[in-house]
Amino acid sequence: MKQLRILLVVLLGTAIYGVAIADELLIGSWESNKGERIDILDGFKPNTGPVITYKKGEVNDITTWKIDPSSKELKIQYSSSKYSKSDDGGSFEWNSRTWTKSRNLETKGIANLKLDVDAFIDGLVGHSWSANSSKTGTVEFARTFSNTEGIVVRFDQEDALKALTNWGVASGTLKIGSVVYLEARITPEYLIGVDKNDGFIVLNKGDIRTEGSRTTMVDAREEFLAAMTTGAWLQAGGYSPDSVHRFRPIEGDLKGRVFKEVKSKLTDTSVWEFSPATGALKIGYTEYNGGMTVDKLLVFLKKDGNQISYLRDSSIDEKRFTTADVKVIDVSERTAPKIIEAVARQLSYGSQYTLFEFNEDDRTGYVHEWNSYPFQITGQTLESGNWGTYKHIYIVEDYVAFDGRKGRKIDLRQSRLRPKSDHEAQADAEKAKLQLTEMQKGRVNLRIIRMDGSEETIPLPISSLADLKSIVVIAE
């Protein structure tokens with residue numbers, strides 16, 4: 001009976017504190033007589049766990065250690081040999097090296113996910129985290145639509161956005177992105193998790209942090225829409241460049257456009273609309289039944305439970321946009337001058353350019369759309385990254401054929417197409433920049449309506465009604 005009680009105490013101690021290593025004296029930070037370093041952490045099952053390996057002082061890898069208790073053999077990554085400890089546990093022999101303990105790793109104060117969900121989540125969101133590499137930045141967990149789910153924000157060394165992923169806790173497991181960790185715990189120094197393939201995640205605990213203020217679409221609609229339409233929002237591109245999203249009210253406070261840009265190129269435009277009747281927000285063809293801001297995060301909840309998240313773009317001025325910032329032009333022959341001012345300039349969508357060219361009557365004209373790709377002839381090859389690479393060009397009748405299937409016709413029709421010189425292109429770009437600056441300036445116009453119904457708009461030399469004390473009409 002006494003032996004049974006001792007066994008129960010050992011098992012309970014393992015369950016409570018999460019220390020599953022067969023040889024607890026191996027837990028710690030070790031340095032070899034050849035200047036190497038390994039940090040051996042306790043795992044979730046006997047005789048296995050995570051280990052951080054270092055090379056030249058930098059983290060080299062996070063891998064798995066395993067012990068064969070029968071042969072006293074320790075395997076770390078691809079290295080495997082027998083080990084022997086010193087009597088005081090301050091060193092051990094392994095892999096033809098003497099390893100001396102340089103630091104103990106704290107095992108008390110552990111928040112185990114399976115034993116205390118609330119304590120684990122509080123620790124998860126209550127600290128910043130960092131991956132075990134000086135090449136990566138911080139990781140932050142934020143709760144969103146419930147206490148057990150949220151968004152993970154990863155930053156690089158320069159605190160620029162690296163990734164936005166979802167996290168959630170259910171049935172004692174932790175899911176980050178698409179990876180499910182069957183066991184997870186927070187120690188005084190680390191967040192440790194293990195997946196079904198015995199793959200480990202190890203994050204270093206950082207500073208204490210607060211999740212910041214939150215505003216929900218359901219409880220505080222006006223505040224939420226105001227935050228959404230302020231400044232710009234980032235989505236991480238992964239292996240592609242990040243995208244910038246600007247939500248702007250257009251038709252009214254509850255309906256507008258979201259403009260998506262990649263490398264300052266407009267790549268998508270969608271209509272967003274909030275329905276007070278249903279409490280849902282629709283963006284394009286997708287309907288969201290939840291939305292919130294959490295500190296610098298903007299998060300939407302889809303009907304299937306998936307979350308779409310954005311991070312505030314700190315490089316963009318946090319100006320709130322309202323319908324007062326929108327200039328509306330009702331199309332008519334009388335408003336042709338305003339239409340010319342708005343669209344008679346180079347417009348773009350992705351790599352495609354659009355230009356409205358007006359005739360002298362200021363009412364008719366041509367809409368041009370084209371793509372421009374750089375090319376070069378090097379050696380025996382004509383190469384354009386977007387248009388193709390060719391070694392031969394063939395001419396027959398009025399056709400030009402290139403290697404492969406590409407062919408073109410020599411077109412003798414009248415065309416408005418004309419390429420620009422470098423000087424013209426630069427001058428037009430500078431002119432467009434000045435025109436855009438002028439368009440964005442506030443202005444006050446005087447509209448005159450004559451007895452015959454005709455109208456005329458006269459710009460006044462002021463930018464705001466606040467500059468106007470009075471106006472007097474003098475007939476001579």
# chains A, B, ... in the order shown; residues from 1 in each chain; ligands from 1
>>> select_by_dssp(residues="segment 248-350 of chain A", states="strand (DSSP E or B)", output="number ranges by chain")
A: 248-252, 255-262, 265-275, 280-283, 286-294, 297-302, 307-312, 320, 347-349
>>> residues_around(residues="segment 61-73 of chain A", least_positions_apart="6", cutoff="6 Å", atoms="only C-alpha atoms", output="PDB file with C-alpha atoms, in the first residue's frame")
ATOM      1  CA  ASN A  47      11.687  10.745 -22.157  1.00  0.00           C
ATOM      2  CA  THR A  48      11.024  13.406 -24.783  1.00  0.00           C
ATOM      3  CA  GLY A  49      10.736  17.179 -25.021  1.00  0.00           C
ATOM      4  CA  PRO A  50      11.888  20.318 -26.825  1.00  0.00           C
ATOM      5  CA  VAL A  51      15.467  21.552 -27.010  1.00  0.00           C
ATOM      6  CA  ILE A  52      16.864  24.851 -28.283  1.00  0.00           C
ATOM      7  CA  THR A  53      20.226  24.507 -30.035  1.00  0.00           C
ATOM      8  CA  SER A  81      24.993   8.742 -27.886  1.00  0.00           C
ATOM      9  CA  LYS A  82      24.977   7.583 -24.282  1.00  0.00           C
TER      10      LYS A  82
END
>>> residues_around(residues="segment 135-144 of chain A", least_positions_apart="5", cutoff="10 Å", atoms="only C-alpha atoms", output="number ranges by chain")
A: 58-59, 121-130, 149-168, 203-206, 209-212, 214, 216, 291-295, 297-301, 307
>>> atom_distance(atom1="atom CA of Trp99 of chain A", atom2="atom CA of Leu26 of chain A")
10.3 Å
>>> residues_around(residues="Tyr373 of chain A", least_positions_apart="5", cutoff="10 Å", atoms="only C-alpha atoms", output="ChimeraX atom specification")
/A:351,384-387
>>> select_by_dssp(residues="segment 103-132 of chain A", states="helix (DSSP H, G or I)", output="ChimeraX atom specification")
/A:117-125
>>> atom_distance(atom1="atom CA of Glu36 of chain A", atom2="atom CA of Lys196 of chain A")
29.8 Å
>>> residues_around(residues="Asp411 of chain A", least_positions_apart="5", cutoff="12 Å", atoms="only C-alpha atoms", output="list in words")
Glu397, Asp398, Tyr399, Val400 and Leu417 of chain A
>>> write_last_selection(atoms="C-alpha atoms", output="mmCIF file, in the first residue's frame")
data_model
loop_
_atom_site.group_PDB
_atom_site.id
_atom_site.type_symbol
_atom_site.label_atom_id
_atom_site.label_comp_id
_atom_site.auth_asym_id
_atom_site.auth_seq_id
_atom_site.Cartn_x
_atom_site.Cartn_y
_atom_site.Cartn_z
ATOM 1 C CA GLU A 397 2.809 39.650 -94.759
ATOM 2 C CA ASP A 398 1.534 42.153 -92.174
ATOM 3 C CA TYR A 399 2.077 39.837 -89.198
ATOM 4 C CA VAL A 400 4.829 39.728 -86.584
ATOM 5 C CA LEU A 417 -1.867 55.552 -78.944
#
>>> closest_residue(among="A:Glu424, A:Asp253, A:Asp42, A:Asp207", to="Phe224 of chain A", atoms="only C-alpha atoms")
A:Asp253
>>> atom_distance(atom1="atom CA of Ser32 of chain A", atom2="atom CA of Thr98 of chain A")
5.5 Å
>>> closest_atom_pairs(of="segment 174-263 of chain A", to="segment 315-319 of chain A", cutoff="12 Å", atoms="only C-alpha atoms", output="CSV")
residue,atom,partner,partner_atom,distance
A:Ala226,CA,A:Lys319,CA,9.9
A:Ala227,CA,A:Glu318,CA,9.2
A:Met228,CA,A:Glu318,CA,10.6
A:Thr229,CA,A:Lys319,CA,8.5
A:Thr230,CA,A:Lys319,CA,5.3
A:Gly231,CA,A:Glu318,CA,4.2
A:Ala232,CA,A:Ile316,CA,6.3
A:Trp233,CA,A:Ile316,CA,8.8
A:Leu234,CA,A:Ser315,CA,10.3
A:Val244,CA,A:Ile316,CA,9.8
A:His245,CA,A:Ile316,CA,10.9
A:Arg246,CA,A:Ile316,CA,10.1
A:Phe247,CA,A:Lys319,CA,11.6
A:Arg248,CA,A:Lys319,CA,11.1
>>> write_last_selection(atoms="N, CA and C atoms", output="PDB file, in the first residue's frame")
ATOM      1  N   ALA A 226     -16.423  54.511 -37.189  1.00  0.00           N
ATOM      2  CA  ALA A 226     -15.469  55.623 -37.171  1.00  0.00           C
ATOM      3  C   ALA A 226     -14.039  55.101 -37.161  1.00  0.00           C
ATOM      4  N   ALA A 227     -13.789  54.050 -36.370  1.00  0.00           N
ATOM      5  CA  ALA A 227     -12.442  53.467 -36.329  1.00  0.00           C
ATOM      6  C   ALA A 227     -12.099  52.795 -37.651  1.00  0.00           C
ATOM      7  N   MET A 228     -13.081  52.103 -38.236  1.00  0.00           N
ATOM      8  CA  MET A 228     -12.854  51.391 -39.496  1.00  0.00           C
ATOM      9  C   MET A 228     -12.474  52.348 -40.625  1.00  0.00           C
ATOM     10  N   THR A 229     -13.112  53.519 -40.655  1.00  0.00           N
ATOM     11  CA  THR A 229     -12.899  54.472 -41.742  1.00  0.00           C
ATOM     12  C   THR A 229     -11.800  55.487 -41.428  1.00  0.00           C
ATOM     13  N   THR A 230     -11.023  55.213 -40.410  1.00  0.00           N
ATOM     14  CA  THR A 230      -9.902  56.082 -40.042  1.00  0.00           C
ATOM     15  C   THR A 230      -8.593  55.489 -40.548  1.00  0.00           C
ATOM     16  N   GLY A 231      -7.782  56.304 -41.193  1.00  0.00           N
ATOM     17  CA  GLY A 231      -6.463  55.856 -41.627  1.00  0.00           C
ATOM     18  C   GLY A 231      -6.522  54.679 -42.570  1.00  0.00           C
ATOM     19  N   ALA A 232      -5.607  53.730 -42.401  1.00  0.00           N
ATOM     20  CA  ALA A 232      -5.514  52.568 -43.292  1.00  0.00           C
ATOM     21  C   ALA A 232      -5.148  51.340 -42.473  1.00  0.00           C
ATOM     22  N   TRP A 233      -5.380  50.151 -43.062  1.00  0.00           N
ATOM     23  CA  TRP A 233      -5.174  48.877 -42.379  1.00  0.00           C
ATOM     24  C   TRP A 233      -4.302  47.964 -43.232  1.00  0.00           C
ATOM     25  N   LEU A 234      -3.485  47.163 -42.554  1.00  0.00           N
ATOM     26  CA  LEU A 234      -2.550  46.268 -43.231  1.00  0.00           C
ATOM     27  C   LEU A 234      -2.989  44.813 -43.121  1.00  0.00           C
ATOM     28  N   VAL A 244      -2.491  47.177 -48.354  1.00  0.00           N
ATOM     29  CA  VAL A 244      -3.031  48.274 -47.567  1.00  0.00           C
ATOM     30  C   VAL A 244      -4.504  48.444 -47.923  1.00  0.00           C
ATOM     31  N   HIS A 245      -5.368  48.524 -46.920  1.00  0.00           N
ATOM     32  CA  HIS A 245      -6.813  48.616 -47.132  1.00  0.00           C
ATOM     33  C   HIS A 245      -7.331  49.915 -46.523  1.00  0.00           C
ATOM     34  N   ARG A 246      -8.050  50.674 -47.341  1.00  0.00           N
ATOM     35  CA  ARG A 246      -8.645  51.935 -46.886  1.00  0.00           C
ATOM     36  C   ARG A 246     -10.159  51.844 -47.000  1.00  0.00           C
ATOM     37  N   PHE A 247     -10.856  51.903 -45.868  1.00  0.00           N
ATOM     38  CA  PHE A 247     -12.313  51.890 -45.845  1.00  0.00           C
ATOM     39  C   PHE A 247     -12.796  53.338 -45.863  1.00  0.00           C
ATOM     40  N   ARG A 248     -13.577  53.690 -46.886  1.00  0.00           N
ATOM     41  CA  ARG A 248     -14.030  55.069 -47.018  1.00  0.00           C
ATOM     42  C   ARG A 248     -15.539  55.118 -47.214  1.00  0.00           C
TER      43      ARG A 248
END
>>> residues_around(residues="Glu360 of chain A", least_positions_apart="3", cutoff="12 Å", atoms="only C-alpha atoms", output="MDAnalysis selection string")
chainID A and resid 336:337 340 357 363:366
>>> write_last_selection(atoms="N, CA and C atoms", output="PDB file, in the first residue's frame")
ATOM      1  N   ALA A 336     -19.665  69.024 -67.153  1.00  0.00           N
ATOM      2  CA  ALA A 336     -18.525  68.501 -67.915  1.00  0.00           C
ATOM      3  C   ALA A 336     -17.185  69.043 -67.426  1.00  0.00           C
ATOM      4  N   PRO A 337     -17.063  70.351 -67.099  1.00  0.00           N
ATOM      5  CA  PRO A 337     -15.766  70.838 -66.606  1.00  0.00           C
ATOM      6  C   PRO A 337     -15.292  70.112 -65.342  1.00  0.00           C
ATOM      7  N   ILE A 340     -14.110  66.630 -66.349  1.00  0.00           N
ATOM      8  CA  ILE A 340     -12.777  66.701 -66.960  1.00  0.00           C
ATOM      9  C   ILE A 340     -11.711  66.818 -65.884  1.00  0.00           C
ATOM     10  N   GLU A 357      -9.581  60.920 -72.690  1.00  0.00           N
ATOM     11  CA  GLU A 357      -9.112  62.018 -73.552  1.00  0.00           C
ATOM     12  C   GLU A 357     -10.336  62.725 -74.124  1.00  0.00           C
ATOM     13  N   ARG A 363     -17.044  67.214 -74.375  1.00  0.00           N
ATOM     14  CA  ARG A 363     -18.189  66.336 -74.117  1.00  0.00           C
ATOM     15  C   ARG A 363     -17.961  64.934 -74.662  1.00  0.00           C
ATOM     16  N   THR A 364     -17.229  64.825 -75.747  1.00  0.00           N
ATOM     17  CA  THR A 364     -16.930  63.537 -76.353  1.00  0.00           C
ATOM     18  C   THR A 364     -15.428  63.294 -76.278  1.00  0.00           C
ATOM     19  N   GLY A 365     -15.041  62.062 -76.584  1.00  0.00           N
ATOM     20  CA  GLY A 365     -13.617  61.764 -76.558  1.00  0.00           C
ATOM     21  C   GLY A 365     -13.347  60.275 -76.602  1.00  0.00           C
ATOM     22  N   TYR A 366     -12.229  59.869 -76.039  1.00  0.00           N
ATOM     23  CA  TYR A 366     -11.799  58.474 -76.069  1.00  0.00           C
ATOM     24  C   TYR A 366     -11.367  58.041 -74.670  1.00  0.00           C
TER      25      TYR A 366
END
>>> residues_around(residues="segment 452-457 of chain A", least_positions_apart="5", cutoff="10 Å", atoms="only C-alpha atoms", output="list in words")
Arg334, Thr335, Pro337, Lys338, Asn445, Leu446 and Arg447 of chain A
